[in-house]
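Inspection log for the structure reproduced underneath, given as structure tokens.
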Amino acid sequence: MTSGHVAVHGLKAGYGETTILDIDQLEVRPGEFLSVLGPSGCGKTTLLNVIAGFVEPTAGSVLIDGRDLTHTPPYRRNLGLVFQSYALFPHMTVTQNLSYGMKVRGASKAGQATRVAEVLDLVGLSEYAERMPRQLSGGQQQRVALARALAYSPTVLLLDEPLSNLDAKLRRQMQSELRQIQRRVGTTMIFVTHDQDEALTMADRVALLNRGRIEQIGTPQDIYRSPRTPFVADFLGAGNLVRATVVDSHTVVSNGTSLPVTTDCPGGTEVTVVLRREQLRLASDAVAGQGPRGEVTFRAFSGGTWHVQVRLLPDDTAATRVPGQVISVELPDTGRSGAPAEEGEVVRLTWGADSVVVIQE
Amino acid sequence: MTRSRMRPLGSGPGVLVAAWVVLAFLAMPLVAVTGSSFTASDLVQFPPRGFSLRWYQVVLTSRDWVVSINLSLVVAALVIPTVLVLGTLSAYGLSRGRHRGWLMALFMSPMIVPEVMVGLGLLTYLQQLRLVNSITGLWLAHSLVTLPFVIRTVAVSVHSLDAMLERAGASMGARPLRVFGTVILPQLRPGIVAGGIFAGVLSLGEVAVSMFVSGPNTTTVPLRVMSAVQFELDPSAAAVSTLLMALSVLVMVLLSRWVNLSAAF
């Protein structure tokens with residue numbers, strides 16, 4: 001059995017003066033599911049193409065199972081690729097598509113047939129063996145593409161936004177299906193996506209790319225709970241990033257508003273405080289307590305939750321300042337009995353000071 | 001929800017009349033030639049006088065006509081595979097190499113340069129090679145004239161190629177040549193078939209360049225038609241033309257069952 005260890009060292013890619021990829025070090029463990037996440041143009045697809053051999057890096061090396069493949073042509077790398085556009089051969093039946101990789105490798109007719117039946121069963125399309133790709137739905141085509149890439153047992157499977165062309169419901173279904181298949185076959189998978197939910201849901205680890213560099217890499221819990229930079233926090237949907245200055249280990253101040261936090265940073269440090277929408281609660285202004293005051297500027301009901309926006313007010317109300325930052329809050333609906341404060345009301349924003357992330361600039 | 005029915009643009013009576021006039025204008029020569037080939041008289045006439053197949057009999061029993069028909073078919077049979085191989089490779093190569101614009105213009109030049117000039121040029125250098133008045137000469141000349149048309153039609157298919165298919169093939173371990181044979185070529189089929197039809201039809205009807213490079217032993221059908229109508233307005237020329245047209249139509253109909261031609265033209 002192939003093991004599928006991928007290592008990337010000092011990798012640079014680009015054309016002319018522009019560098020679109022600059023990765024010091026990236027390792028994917030055998031059998032791991034790694035999501036490569038980032039906004040469009042961050043270099044994630046280029047990274048995939050460098051590993052696949054379609055883009056020649058300007059520096060650095062790609063090793064798979066210890067073998068340096070940096071200058072090996074794509075057809076000698078024994079990798080599997082799944083494309084966003086499926087890229088099934090339109091003139092071949094499902095079976096012919098699935099046999100292609102094995103045929104190239106000179107597998108016996110009988111061996112091909114057995115394996116085709118196996119992978120078709122794996123993706124649940126056994127009845128569709130003799131169909132043409134155009135006779136299948138998008139979801140079915142994507143399953144065939146996955147089966148085709150797995151059929152010849154590649155060392156590593158590279159997936160380039162494979163679920164982006166599917167509708168939301170089918171997409172969630174395919175996410176769990178793909179993950180189950182990956183656990184069963186144990187092939188290392190590198191999955192490129194721009195969708196943070198997808199990346200977090202599916203992966204063992206997530207590598208977040210920004211402008212060609214790895215901004216942070218870690219388990220989904222890690223990267224979500226302890227973002228290292230404001231970019232990571234923002235991209236993973238934190239909601240509110242507040243720039244502030246540290247006063248002491250319990251307080252930072254932003255634009256005249258004190259915010260309770262827990263931090264090790266010395267006083268005077270510039271920091272970004274990550275206030276997640278769902279961590280915030282509203283309290284009555286009358287109740288004295290921890291937390292800044294603010295004015296409700298917007299309130300909307302959306303099924304199970306309320307979306308409320310609160311503009312922060314300075315501690316010293318007499319001081320005239322630029323308008324405070326608007327904070328989005330997501331509150332669970334408590335039923336008929338209660339609704340959050342209305343627009344125009346002044347409230348106190350509260351949160352658990354320990355659970356709020358403070359990122360040093 | 002009710003949606004108002006939109007009147008399609010250009011369905012007024014004026015447009016219809018204009019369309020019929022253009023159609024009639026395009027069809028008239030074909031109708032005239034076909035019609036006059038069935039005439040019973042000794043002169044090309046349209047509408048035909050009476051109905052007879054005698055001119056077909058004349059054509060198919062005349063040694064001269066049969067030799068010319070065979071020659072034209074042999075030349076077309078040589079030209080078609082030649083330009084299909086060259087044209088397909090050129091169209092594919094020209095879609096990705098460097099200096100595409102320049103090279104494309106060069107490959108297309110026989111289509112733009114006046115045919116008389118191409119004929120004169122060919123005469124000059126085929127003379128040196130002693131290929132004037134030979135099947136080889138006609139084969140080379142017709143290949144040169146028809147190649148740009150094949151490149152054009154195949155280029156349309158190349159243009160709609162999905163580059164991801166090539167990558168998919170390569171990722172599965174297929175070398176470039178294998179990818180070309182098993183993935184690319186099947187995708188280019190409509191363009192190749194259309195190019196083949198073009199090349200065949202053009203070769204069978206080629207006059208200008210053939211005039212320069214052919215001789216007494218290599219008179220193709222269109223050249224014999226030309227000389228036939230120059231001296232005597234003999235309906236056998238119309239009968240031969242009708243036969244050639246029928247052949248083209250037959251080939252088109254047969255091929256259209258096998259490949260979607262409207263996607264290629």
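Letters A, B, ... go to the chains of the structure tokens in the order shown; residues in each chain start at 1; ligands are counted from 1 in the same order.
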Who sits within 7 Å of A:Val356, only C-alpha atoms, same chain under 4 positions skipped, as a ChimeraX atom specification
/A:261,274-275,352
Write the residues you've just listed into a file as a short mmCIF file (atom, residue, chain, number, x, y, z; two decimals), in the first residue's frame, and include C-alpha atoms for each of them.
data_model
loop_
_atom_site.label_atom_id
_atom_site.label_comp_id
_atom_site.auth_asym_id
_atom_site.auth_seq_id
_atom_site.Cartn_x
_atom_site.Cartn_y
_atom_site.Cartn_z
CA VAL A 261 -10.67 40.72 28.10
CA VAL A 274 -12.15 39.09 18.18
CA LEU A 275 -15.77 39.30 19.28
CA GLY A 352 -17.07 35.96 28.95
#
Residues of chain B within 10 Å of chain A, counting only C-alpha atoms, what are they? List them as a list of chain:residue names.
B:Asp162, B:Ala163, B:Met164, B:Leu165, B:Glu166, B:Arg167, B:Ala168, B:Gly169, B:Ala170, B:Ser171, B:Met172, B:Gly173, B:Ala174, B:Arg175, B:Pro176, B:Arg178, B:Thr182, B:Val183, B:Ile184, B:Pro186, B:Gln187
Writing out the chosen residues with N, CA, C and O atoms as a CSV table (one decimal), in the first residue's frame:
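Here's the written file result.csv:
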chain,number,residue,atom,x,y,z
B,162,ASP,N,-12.0,21.4,-23.7
B,162,ASP,CA,-11.8,21.7,-22.3
B,162,ASP,C,-10.4,21.3,-21.9
B,162,ASP,O,-10.1,20.2,-21.9
B,163,ALA,N,-9.6,22.4,-21.5
B,163,ALA,CA,-8.2,22.1,-21.2
B,163,ALA,C,-8.1,21.1,-20.0
B,163,ALA,O,-7.1,20.4,-19.8
B,164,MET,N,-9.1,21.1,-19.1
B,164,MET,CA,-9.1,20.3,-18.0
B,164,MET,C,-9.1,18.8,-18.4
B,164,MET,O,-8.6,18.0,-17.6
B,165,LEU,N,-9.7,18.5,-19.5
B,165,LEU,CA,-9.7,17.1,-20.0
B,165,LEU,C,-8.2,16.6,-20.2
B,165,LEU,O,-7.9,15.4,-19.8
B,166,GLU,N,-7.4,17.4,-20.7
B,166,GLU,CA,-6.0,17.0,-20.9
B,166,GLU,C,-5.3,16.8,-19.6
B,166,GLU,O,-4.6,15.9,-19.4
B,167,ARG,N,-5.6,17.7,-18.7
B,167,ARG,CA,-5.0,17.6,-17.3
B,167,ARG,C,-5.5,16.3,-16.7
B,167,ARG,O,-4.7,15.6,-16.0
B,168,ALA,N,-6.8,16.0,-16.8
B,168,ALA,CA,-7.3,14.8,-16.2
B,168,ALA,C,-6.6,13.6,-16.8
B,168,ALA,O,-6.1,12.7,-16.0
B,169,GLY,N,-6.4,13.6,-18.1
B,169,GLY,CA,-5.7,12.5,-18.7
B,169,GLY,C,-4.3,12.3,-18.2
B,169,GLY,O,-3.8,11.2,-17.8
B,170,ALA,N,-3.6,13.5,-18.1
B,170,ALA,CA,-2.2,13.4,-17.7
B,170,ALA,C,-2.1,13.0,-16.2
B,170,ALA,O,-1.2,12.2,-15.8
B,171,SER,N,-3.1,13.5,-15.4
B,171,SER,CA,-3.0,13.1,-14.0
B,171,SER,C,-3.2,11.6,-13.8
B,171,SER,O,-2.8,11.1,-12.8
B,172,MET,N,-3.9,11.0,-14.7
B,172,MET,CA,-4.2,9.6,-14.6
B,172,MET,C,-3.0,8.8,-15.2
B,172,MET,O,-3.1,7.5,-15.2
B,173,GLY,N,-2.0,9.4,-15.6
B,173,GLY,CA,-0.8,8.7,-16.0
B,173,GLY,C,-0.6,8.6,-17.5
B,173,GLY,O,0.4,7.9,-18.0
B,174,ALA,N,-1.4,9.2,-18.3
B,174,ALA,CA,-1.3,9.1,-19.8
B,174,ALA,C,-0.3,10.1,-20.3
B,174,ALA,O,-0.3,11.3,-20.0
B,175,ARG,N,0.7,9.6,-21.1
B,175,ARG,CA,1.6,10.5,-21.7
B,175,ARG,C,0.9,11.4,-22.7
B,175,ARG,O,-0.1,11.1,-23.2
B,176,PRO,N,1.6,12.6,-23.1
B,176,PRO,CA,0.9,13.5,-24.0
B,176,PRO,C,0.4,12.9,-25.3
B,176,PRO,O,-0.7,13.2,-25.7
B,178,ARG,N,-0.6,9.9,-25.8
B,178,ARG,CA,-1.7,9.1,-25.6
B,178,ARG,C,-3.0,10.0,-25.3
B,178,ARG,O,-4.1,9.7,-25.7
B,182,THR,N,-6.4,9.6,-27.3
B,182,THR,CA,-7.6,9.1,-26.6
B,182,THR,C,-8.5,10.1,-26.1
B,182,THR,O,-9.7,9.8,-25.9
B,183,VAL,N,-8.0,11.3,-25.9
B,183,VAL,CA,-8.9,12.4,-25.4
B,183,VAL,C,-9.1,13.5,-26.3
B,183,VAL,O,-10.3,13.9,-26.6
B,184,ILE,N,-8.1,14.0,-26.9
B,184,ILE,CA,-8.2,15.2,-27.8
B,184,ILE,C,-8.9,14.9,-29.1
B,184,ILE,O,-9.9,15.5,-29.5
B,186,PRO,N,-10.8,12.5,-30.2
B,186,PRO,CA,-12.3,12.3,-30.3
B,186,PRO,C,-13.1,13.5,-30.1
B,186,PRO,O,-14.2,13.7,-30.6
B,187,GLN,N,-12.5,14.5,-29.3
B,187,GLN,CA,-13.2,15.8,-29.1
B,187,GLN,C,-13.2,16.6,-30.4
B,187,GLN,O,-14.1,17.5,-30.6
Of the candidates B:Val17, B:Val207, B:Val158, B:Leu243, which one gets nearest to B:Met226 if we count only C-alpha atoms?
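Distance minimum relative to B:Met226 lands on B:Val207.
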Which residues come within 8 Å of stretch 128-133 of chain B, counting only C-alpha atoms, excluding same-chain residues fewer than 4 positions away, as a PyMOL selection string?
chain B and resi 123-124+137-138+213-218
Just N, CA and C atoms for this one: save the residues we selected as a short mmCIF file (atom, residue, chain, number, x, y, z; two decimals), in the first residue's frame.
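Result file follows (selection-v3.cif):
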data_model
loop_
_atom_site.label_atom_id
_atom_site.label_comp_id
_atom_site.auth_asym_id
_atom_site.auth_seq_id
_atom_site.Cartn_x
_atom_site.Cartn_y
_atom_site.Cartn_z
N LEU B 123 2.86 26.65 -60.42
CA LEU B 123 3.32 26.27 -61.76
C LEU B 123 4.84 26.40 -61.83
N THR B 124 5.33 27.52 -61.27
CA THR B 124 6.76 27.78 -61.33
C THR B 124 7.55 26.69 -60.62
N GLY B 137 1.26 16.41 -58.75
CA GLY B 137 1.17 17.86 -58.80
C GLY B 137 -0.20 18.35 -58.36
N LEU B 138 -1.25 17.72 -58.89
CA LEU B 138 -2.61 18.12 -58.50
C LEU B 138 -2.84 17.86 -57.01
N VAL B 213 -1.61 23.80 -63.11
CA VAL B 213 -0.73 22.66 -62.89
C VAL B 213 -1.16 21.40 -63.63
N SER B 214 -2.34 21.42 -64.25
CA SER B 214 -2.75 20.21 -64.96
C SER B 214 -2.32 20.31 -66.42
N GLY B 215 -2.50 19.22 -67.15
CA GLY B 215 -2.14 19.19 -68.56
C GLY B 215 -3.08 18.28 -69.29
N PRO B 216 -2.74 17.91 -70.49
CA PRO B 216 -3.62 17.08 -71.30
C PRO B 216 -3.94 15.74 -70.64
N ASN B 217 -3.01 15.18 -69.86
CA ASN B 217 -3.29 13.88 -69.24
C ASN B 217 -3.96 14.00 -67.88
N THR B 218 -4.10 15.22 -67.38
CA THR B 218 -4.65 15.39 -66.04
C THR B 218 -5.75 16.44 -66.07
#
For stretch 329-340 of chain A: contacts at 12 Å, only C-alpha atoms, fewer than 2 positions along chain excluded, given as a VMD selection string
chain A and resid 238 to 240 275 to 284 294 296 to 311 326 to 327 342 to 351
Mind dumping a table of every stretch 221-275 of chain A residue within 10 Å of stretch 24-40 of chain A, with the nearest atom pair and its distance in Å to one decimal, using only C-alpha atoms, sorted by chain and rising number, as a Markdown table?
| residue | atom | partner | partner_atom | distance |
| --- | --- | --- | --- | --- |
| A:Val232 | CA | A:Gly38 | CA | 9.4 |
| A:Phe235 | CA | A:Gly38 | CA | 7.9 |
| A:Leu236 | CA | A:Gly38 | CA | 9.8 |
File of the preceding selection, N, CA and C atoms, as an mmCIF file, in the first residue's frame:
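So the final result, stored in out07.cif, reads:
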data_model
loop_
_atom_site.group_PDB
_atom_site.id
_atom_site.type_symbol
_atom_site.label_atom_id
_atom_site.label_comp_id
_atom_site.auth_asym_id
_atom_site.auth_seq_id
_atom_site.Cartn_x
_atom_site.Cartn_y
_atom_site.Cartn_z
ATOM 1 N N VAL A 232 -7.101 35.640 9.667
ATOM 2 C CA VAL A 232 -7.640 34.307 9.925
ATOM 3 C C VAL A 232 -8.985 34.432 10.623
ATOM 4 N N PHE A 235 -11.538 35.692 8.149
ATOM 5 C CA PHE A 235 -11.907 34.759 7.093
ATOM 6 C C PHE A 235 -12.750 33.614 7.634
ATOM 7 N N LEU A 236 -12.531 33.256 8.888
ATOM 8 C CA LEU A 236 -13.319 32.176 9.466
ATOM 9 C C LEU A 236 -14.624 32.705 10.048
#
For atom CA of A:Glu177 and atom CA of A:Val123, the interatomic separation in Å (one decimal)
8.4 Å
Which neighbours of B:Met252 fall inside 12 Å, counting only C-alpha atoms, when residues of the same chain fewer than 3 positions from it are skipped, and could you give them as a list in words?
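Non-adjacent residues within range: Val193, Ala194, Gly195, Gly196, Ile197, Phe198, Gly200, Val201, Met245, Ala246, Leu247, Ser248, Val249, Leu255, Ser256, Arg257, Trp258, Val259, Asn260, Leu261 and Ser262 of chain B.
For B:Gly35, the residues within 9 Å (counting only C-alpha atoms, excluding itself and residues fewer than 4 positions away along the chain) are B:Leu30, B:Val31, B:Thr39, B:Gln45, B:Phe46, B:Pro47, B:Pro48, B:Ala238.
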Would you put the residues from that selection into a file with N, CA, C and O atoms, as a tab-separated table (two decimals), in the first residue's frame?
chain	number	residue	atom	x	y	z
B	30	LEU	N	-28.14	25.99	-58.80
B	30	LEU	CA	-28.20	24.55	-58.62
B	30	LEU	C	-29.41	23.96	-59.34
B	30	LEU	O	-29.31	22.93	-60.01
B	31	VAL	N	-30.53	24.68	-59.21
B	31	VAL	CA	-31.75	24.21	-59.86
B	31	VAL	C	-31.56	24.22	-61.38
B	31	VAL	O	-31.92	23.27	-62.07
B	39	THR	N	-32.39	17.54	-69.77
B	39	THR	CA	-33.02	17.98	-71.01
B	39	THR	C	-32.88	16.92	-72.11
B	39	THR	O	-31.96	16.09	-72.09
B	45	GLN	N	-30.22	23.99	-71.61
B	45	GLN	CA	-31.41	24.84	-71.62
B	45	GLN	C	-32.11	24.74	-70.29
B	45	GLN	O	-32.23	23.66	-69.72
B	46	PHE	N	-32.59	25.86	-69.83
B	46	PHE	CA	-33.41	25.84	-68.63
B	46	PHE	C	-34.55	26.81	-68.80
B	46	PHE	O	-34.32	27.96	-69.16
B	47	PRO	N	-35.79	26.45	-68.56
B	47	PRO	CA	-36.21	25.09	-68.17
B	47	PRO	C	-35.93	24.06	-69.26
B	47	PRO	O	-35.91	24.41	-70.44
B	48	PRO	N	-35.66	22.80	-68.86
B	48	PRO	CA	-35.30	21.78	-69.83
B	48	PRO	C	-36.43	21.50	-70.82
B	48	PRO	O	-37.60	21.66	-70.49
B	238	ALA	N	-23.57	19.62	-67.58
B	238	ALA	CA	-24.57	19.78	-66.51
B	238	ALA	C	-24.80	18.44	-65.82
B	238	ALA	O	-24.96	18.39	-64.58
With DSSP run on the backbone, what are the alpha helix (DSSP H) residues within stretch 97-200 of chain A? I'd like them as an MDAnalysis selection string.
chainID A and resid 97:104 109:122 138:151 168:185 196:200
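Interatomic distance, atom CA of A:Ser153 against atom CA of A:Ile64: 14.7 Å.
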Please, what distance in Å, to one decimal, runs between atom CA of A:Leu21 and atom CA of A:Arg213?
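Computing the Euclidean distance for atom CA of A:Leu21 and atom CA of A:Arg213 yields 6.4 Å.
Across A:Met202, A:Gln360, A:Glu295, A:Ser164, the tightest approach to A:Val242 is made by A:Gln360 when counting only C-alpha atoms.
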